[in-house]
Amino acid sequence: MSGLEDNAIAPLARRDGEPVFEEPWQAQVLAVAFALAERGLFTRGAWSAALGEELRRAERAGEPDTAETYYRAALAALERLTASGGAVTPQALALRTEDWRQSYLDTPHGKPVELRRKR
């Protein structure tokens, strides 16, 4: 995952004519995790351990073994690592999550969701 741009993700690689990721957010989660590890917020070992724990948690909860489950676990691991590393507080994460949720609900169907509240 080298060569990531600061504000964008390079075009997704393709496998048999299909994107490797089902949704752009899935690529973004991994790109953010990579960038934060490169900047020293957490180690690659800590990322691997956190992701593994989230995957085990999903398995114990009976989640299906799908790409969606994997990337949701990756997002949960990233959220946990950023909170434990002090980069963001759990309260700030909850507020931003609510801002995005409300922006989603306020956006007409078919239109891109834009964050309306900026804290």
# chains A, B, ... in the order shown; residues from 1 in each chain; ligands from 1
$ residues_around --residues "A:Thr97" --least-positions-apart "4" --cutoff "12 Å" --atoms "only C-alpha atoms" --output "ChimeraX atom specification"
/A:79,90-93,101-104,115,117-119
$ residues_around --residues "stretch 36-50 of chain A" --least-positions-apart "5" --cutoff "10 Å" --atoms "only C-alpha atoms" --output "number ranges by chain"
A: 30-31, 55-56, 73-74, 76-82, 84-87
$ write_last_selection --atoms "N, CA, C and O atoms" --output "compact mmCIF listing (two decimals), in the first residue's frame"
# COMPACT_ATOMS: atom_id res chain seq x y z
N LEU A 30 -8.40 0.69 5.34
CA LEU A 30 -7.05 0.14 5.30
C LEU A 30 -6.01 1.22 5.01
O LEU A 30 -4.91 1.19 5.58
N ALA A 31 -6.35 2.17 4.15
CA ALA A 31 -5.42 3.25 3.84
C ALA A 31 -5.15 4.12 5.06
O ALA A 31 -4.00 4.50 5.32
N LEU A 55 -11.84 -9.57 14.68
CA LEU A 55 -12.33 -10.69 13.88
C LEU A 55 -12.78 -11.85 14.77
O LEU A 55 -13.80 -12.49 14.50
N ARG A 56 -12.02 -12.10 15.84
CA ARG A 56 -12.44 -13.15 16.78
C ARG A 56 -13.74 -12.76 17.47
O ARG A 56 -14.62 -13.61 17.68
N ALA A 73 -14.78 -5.19 11.01
CA ALA A 73 -13.81 -5.48 12.08
C ALA A 73 -12.60 -4.56 11.94
O ALA A 73 -12.08 -4.06 12.95
N ALA A 74 -12.16 -4.31 10.71
CA ALA A 74 -11.03 -3.40 10.50
C ALA A 74 -11.37 -2.00 10.98
O ALA A 74 -10.55 -1.34 11.62
N ALA A 76 -13.59 -1.20 13.31
CA ALA A 76 -13.64 -1.25 14.78
C ALA A 76 -12.23 -1.24 15.37
O ALA A 76 -11.96 -0.56 16.36
N ALA A 77 -11.32 -2.00 14.76
CA ALA A 77 -9.93 -2.04 15.24
C ALA A 77 -9.29 -0.66 15.10
O ALA A 77 -8.60 -0.19 16.02
N LEU A 78 -9.52 0.00 13.99
CA LEU A 78 -8.96 1.33 13.78
C LEU A 78 -9.51 2.33 14.79
O LEU A 78 -8.76 3.11 15.38
N GLU A 79 -10.81 2.28 15.03
CA GLU A 79 -11.41 3.17 16.03
C GLU A 79 -10.82 2.92 17.41
O GLU A 79 -10.51 3.86 18.14
N ARG A 80 -10.66 1.65 17.76
CA ARG A 80 -10.12 1.31 19.09
C ARG A 80 -8.67 1.78 19.23
O ARG A 80 -8.28 2.35 20.26
N LEU A 81 -7.87 1.57 18.20
CA LEU A 81 -6.47 1.97 18.26
C LEU A 81 -6.31 3.50 18.33
O LEU A 81 -5.45 3.99 19.05
N THR A 82 -7.10 4.22 17.57
CA THR A 82 -6.98 5.69 17.61
C THR A 82 -7.43 6.22 18.95
O THR A 82 -6.85 7.19 19.47
N SER A 84 -7.31 4.51 21.86
CA SER A 84 -6.34 4.11 22.90
C SER A 84 -5.03 4.86 22.75
O SER A 84 -4.32 5.05 23.73
N GLY A 85 -4.71 5.30 21.55
CA GLY A 85 -3.47 6.04 21.32
C GLY A 85 -3.60 7.52 21.61
O GLY A 85 -2.63 8.26 21.52
N GLY A 86 -4.80 7.96 21.96
CA GLY A 86 -5.02 9.36 22.30
C GLY A 86 -5.23 10.27 21.11
O GLY A 86 -5.36 11.48 21.27
N ALA A 87 -5.28 9.71 19.89
CA ALA A 87 -5.48 10.55 18.70
C ALA A 87 -6.89 11.13 18.67
O ALA A 87 -7.10 12.21 18.14
$ select_by_dssp --residues "chain A" --states "strand (DSSP E or B)" --output "PyMOL selection string"
chain A and resi 14-15+18-19
$ select_by_dssp --residues "chain A" --states "helix (DSSP H, G or I)" --output "PyMOL selection string"
chain A and resi 24-38+44-60+67-84+90-106
$ write_last_selection --atoms "C-alpha atoms" --output "short mmCIF file (atom, residue, chain, number, x, y, z; two decimals), in the first residue's frame"
data_model
loop_
_atom_site.label_atom_id
_atom_site.label_comp_id
_atom_site.auth_asym_id
_atom_site.auth_seq_id
_atom_site.Cartn_x
_atom_site.Cartn_y
_atom_site.Cartn_z
CA PRO A 24 -14.70 2.67 -1.29
CA TRP A 25 -14.89 2.93 2.52
CA GLN A 26 -13.28 -0.48 2.78
CA ALA A 27 -10.18 0.72 0.95
CA GLN A 28 -10.21 3.90 2.98
CA VAL A 29 -10.16 2.03 6.30
CA LEU A 30 -7.05 0.14 5.30
CA ALA A 31 -5.42 3.25 3.84
CA VAL A 32 -6.01 5.23 7.04
CA ALA A 33 -4.68 2.37 9.16
CA PHE A 34 -1.58 2.15 6.99
CA ALA A 35 -1.00 5.92 7.10
CA LEU A 36 -1.42 6.09 10.88
CA ALA A 37 0.97 3.18 11.39
CA GLU A 38 3.49 4.87 9.08
CA ARG A 44 1.84 -2.70 12.58
CA GLY A 45 1.91 -5.38 15.27
CA ALA A 46 -0.67 -3.47 17.31
CA TRP A 47 -2.82 -3.10 14.18
CA SER A 48 -2.57 -6.82 13.46
CA ALA A 49 -3.45 -7.73 17.05
CA ALA A 50 -6.40 -5.31 17.17
CA LEU A 51 -7.76 -6.55 13.84
CA GLY A 52 -7.36 -10.16 14.93
CA GLU A 53 -9.24 -9.47 18.17
CA GLU A 54 -12.07 -7.76 16.30
CA LEU A 55 -12.33 -10.69 13.88
CA ARG A 56 -12.44 -13.15 16.78
CA ARG A 57 -15.12 -11.00 18.41
CA ALA A 58 -17.17 -11.11 15.20
CA GLU A 59 -16.76 -14.87 14.98
CA ARG A 60 -17.87 -15.33 18.62
CA ALA A 67 -15.74 -9.22 3.25
CA GLU A 68 -18.27 -6.95 4.97
CA THR A 69 -17.53 -8.57 8.35
CA TYR A 70 -13.78 -8.23 7.74
CA TYR A 71 -13.95 -4.53 6.92
CA ARG A 72 -16.32 -3.77 9.78
CA ALA A 73 -13.81 -5.48 12.08
CA ALA A 74 -11.03 -3.40 10.50
CA LEU A 75 -13.00 -0.22 11.16
CA ALA A 76 -13.64 -1.25 14.78
CA ALA A 77 -9.93 -2.04 15.24
CA LEU A 78 -8.96 1.33 13.78
CA GLU A 79 -11.41 3.17 16.03
CA ARG A 80 -10.12 1.31 19.09
CA LEU A 81 -6.47 1.97 18.26
CA THR A 82 -6.98 5.69 17.61
CA ALA A 83 -8.90 6.05 20.85
CA SER A 84 -6.34 4.11 22.90
CA PRO A 90 -14.30 8.12 22.44
CA GLN A 91 -16.59 11.14 22.95
CA ALA A 92 -15.20 12.93 19.88
CA LEU A 93 -15.60 9.75 17.83
CA ALA A 94 -19.21 9.37 18.99
CA LEU A 95 -19.98 12.99 18.12
CA ARG A 96 -18.44 12.68 14.65
CA THR A 97 -20.24 9.39 14.04
CA GLU A 98 -23.53 11.08 14.95
CA ASP A 99 -22.69 14.01 12.64
CA TRP A 100 -22.19 11.60 9.74
CA ARG A 101 -25.33 9.65 10.63
CA GLN A 102 -27.41 12.82 10.65
CA SER A 103 -25.84 14.02 7.40
CA TYR A 104 -26.73 10.67 5.84
CA LEU A 105 -30.33 10.94 7.04
CA ASP A 106 -30.59 14.51 5.73
#
$ atom_distance --atom1 "atom CA of A:Lys111" --atom2 "atom CA of A:Glu22"
19.2 Å
$ decode --residues "stretch 18-109 of chain A" --atoms "C-alpha atoms" --output "mmCIF file, in the first residue's frame"
data_model
loop_
_atom_site.group_PDB
_atom_site.id
_atom_site.type_symbol
_atom_site.label_atom_id
_atom_site.label_comp_id
_atom_site.auth_asym_id
_atom_site.auth_seq_id
_atom_site.Cartn_x
_atom_site.Cartn_y
_atom_site.Cartn_z
ATOM 1 C CA GLU A 18 -13.837 -6.285 -10.630
ATOM 2 C CA PRO A 19 -12.670 -3.943 -7.852
ATOM 3 C CA VAL A 20 -10.801 -5.667 -5.032
ATOM 4 C CA PHE A 21 -12.991 -3.752 -2.549
ATOM 5 C CA GLU A 22 -16.780 -3.886 -2.575
ATOM 6 C CA GLU A 23 -17.096 -0.312 -1.292
ATOM 7 C CA PRO A 24 -14.699 2.668 -1.290
ATOM 8 C CA TRP A 25 -14.893 2.929 2.520
ATOM 9 C CA GLN A 26 -13.285 -0.484 2.782
ATOM 10 C CA ALA A 27 -10.183 0.717 0.948
ATOM 11 C CA GLN A 28 -10.206 3.903 2.978
ATOM 12 C CA VAL A 29 -10.163 2.034 6.298
ATOM 13 C CA LEU A 30 -7.047 0.139 5.299
ATOM 14 C CA ALA A 31 -5.417 3.248 3.838
ATOM 15 C CA VAL A 32 -6.014 5.226 7.036
ATOM 16 C CA ALA A 33 -4.682 2.367 9.164
ATOM 17 C CA PHE A 34 -1.579 2.153 6.985
ATOM 18 C CA ALA A 35 -1.001 5.919 7.097
ATOM 19 C CA LEU A 36 -1.415 6.092 10.883
ATOM 20 C CA ALA A 37 0.972 3.183 11.390
ATOM 21 C CA GLU A 38 3.489 4.871 9.076
ATOM 22 C CA ARG A 39 3.208 8.035 11.184
ATOM 23 C CA GLY A 40 3.816 6.055 14.374
ATOM 24 C CA LEU A 41 0.387 6.372 15.997
ATOM 25 C CA PHE A 42 0.482 2.605 16.477
ATOM 26 C CA THR A 43 2.690 -0.236 15.296
ATOM 27 C CA ARG A 44 1.839 -2.703 12.583
ATOM 28 C CA GLY A 45 1.913 -5.383 15.267
ATOM 29 C CA ALA A 46 -0.669 -3.473 17.313
ATOM 30 C CA TRP A 47 -2.822 -3.095 14.183
ATOM 31 C CA SER A 48 -2.571 -6.818 13.457
ATOM 32 C CA ALA A 49 -3.451 -7.729 17.051
ATOM 33 C CA ALA A 50 -6.400 -5.315 17.168
ATOM 34 C CA LEU A 51 -7.759 -6.546 13.839
ATOM 35 C CA GLY A 52 -7.358 -10.163 14.932
ATOM 36 C CA GLU A 53 -9.236 -9.470 18.173
ATOM 37 C CA GLU A 54 -12.075 -7.762 16.302
ATOM 38 C CA LEU A 55 -12.327 -10.692 13.882
ATOM 39 C CA ARG A 56 -12.438 -13.150 16.780
ATOM 40 C CA ARG A 57 -15.117 -11.004 18.410
ATOM 41 C CA ALA A 58 -17.170 -11.106 15.196
ATOM 42 C CA GLU A 59 -16.755 -14.869 14.985
ATOM 43 C CA ARG A 60 -17.875 -15.334 18.620
ATOM 44 C CA ALA A 61 -20.900 -13.146 17.872
ATOM 45 C CA GLY A 62 -21.841 -15.448 14.983
ATOM 46 C CA GLU A 63 -21.104 -12.934 12.233
ATOM 47 C CA PRO A 64 -20.744 -14.485 8.767
ATOM 48 C CA ASP A 65 -17.268 -14.863 7.287
ATOM 49 C CA THR A 66 -17.652 -12.206 4.577
ATOM 50 C CA ALA A 67 -15.743 -9.219 3.249
ATOM 51 C CA GLU A 68 -18.275 -6.949 4.971
ATOM 52 C CA THR A 69 -17.528 -8.573 8.347
ATOM 53 C CA TYR A 70 -13.782 -8.229 7.744
ATOM 54 C CA TYR A 71 -13.947 -4.528 6.917
ATOM 55 C CA ARG A 72 -16.320 -3.765 9.783
ATOM 56 C CA ALA A 73 -13.809 -5.482 12.076
ATOM 57 C CA ALA A 74 -11.027 -3.398 10.495
ATOM 58 C CA LEU A 75 -13.002 -0.224 11.164
ATOM 59 C CA ALA A 76 -13.641 -1.246 14.780
ATOM 60 C CA ALA A 77 -9.932 -2.037 15.244
ATOM 61 C CA LEU A 78 -8.964 1.330 13.778
ATOM 62 C CA GLU A 79 -11.413 3.167 16.028
ATOM 63 C CA ARG A 80 -10.120 1.315 19.088
ATOM 64 C CA LEU A 81 -6.467 1.974 18.259
ATOM 65 C CA THR A 82 -6.976 5.686 17.607
ATOM 66 C CA ALA A 83 -8.904 6.047 20.855
ATOM 67 C CA SER A 84 -6.344 4.107 22.896
ATOM 68 C CA GLY A 85 -3.471 6.038 21.324
ATOM 69 C CA GLY A 86 -5.018 9.357 22.302
ATOM 70 C CA ALA A 87 -5.479 10.547 18.704
ATOM 71 C CA VAL A 88 -9.206 10.893 19.297
ATOM 72 C CA THR A 89 -11.377 10.552 22.379
ATOM 73 C CA PRO A 90 -14.303 8.124 22.438
ATOM 74 C CA GLN A 91 -16.592 11.136 22.945
ATOM 75 C CA ALA A 92 -15.202 12.929 19.878
ATOM 76 C CA LEU A 93 -15.600 9.749 17.826
ATOM 77 C CA ALA A 94 -19.207 9.367 18.992
ATOM 78 C CA LEU A 95 -19.976 12.992 18.116
ATOM 79 C CA ARG A 96 -18.436 12.683 14.652
ATOM 80 C CA THR A 97 -20.241 9.391 14.045
ATOM 81 C CA GLU A 98 -23.526 11.083 14.947
ATOM 82 C CA ASP A 99 -22.689 14.010 12.637
ATOM 83 C CA TRP A 100 -22.186 11.598 9.742
ATOM 84 C CA ARG A 101 -25.329 9.650 10.633
ATOM 85 C CA GLN A 102 -27.412 12.817 10.652
ATOM 86 C CA SER A 103 -25.842 14.019 7.403
ATOM 87 C CA TYR A 104 -26.734 10.673 5.839
ATOM 88 C CA LEU A 105 -30.325 10.936 7.036
ATOM 89 C CA ASP A 106 -30.589 14.512 5.733
ATOM 90 C CA THR A 107 -29.252 13.654 2.272
ATOM 91 C CA PRO A 108 -31.757 12.918 -0.511
ATOM 92 C CA HIS A 109 -31.549 9.420 -1.953
#
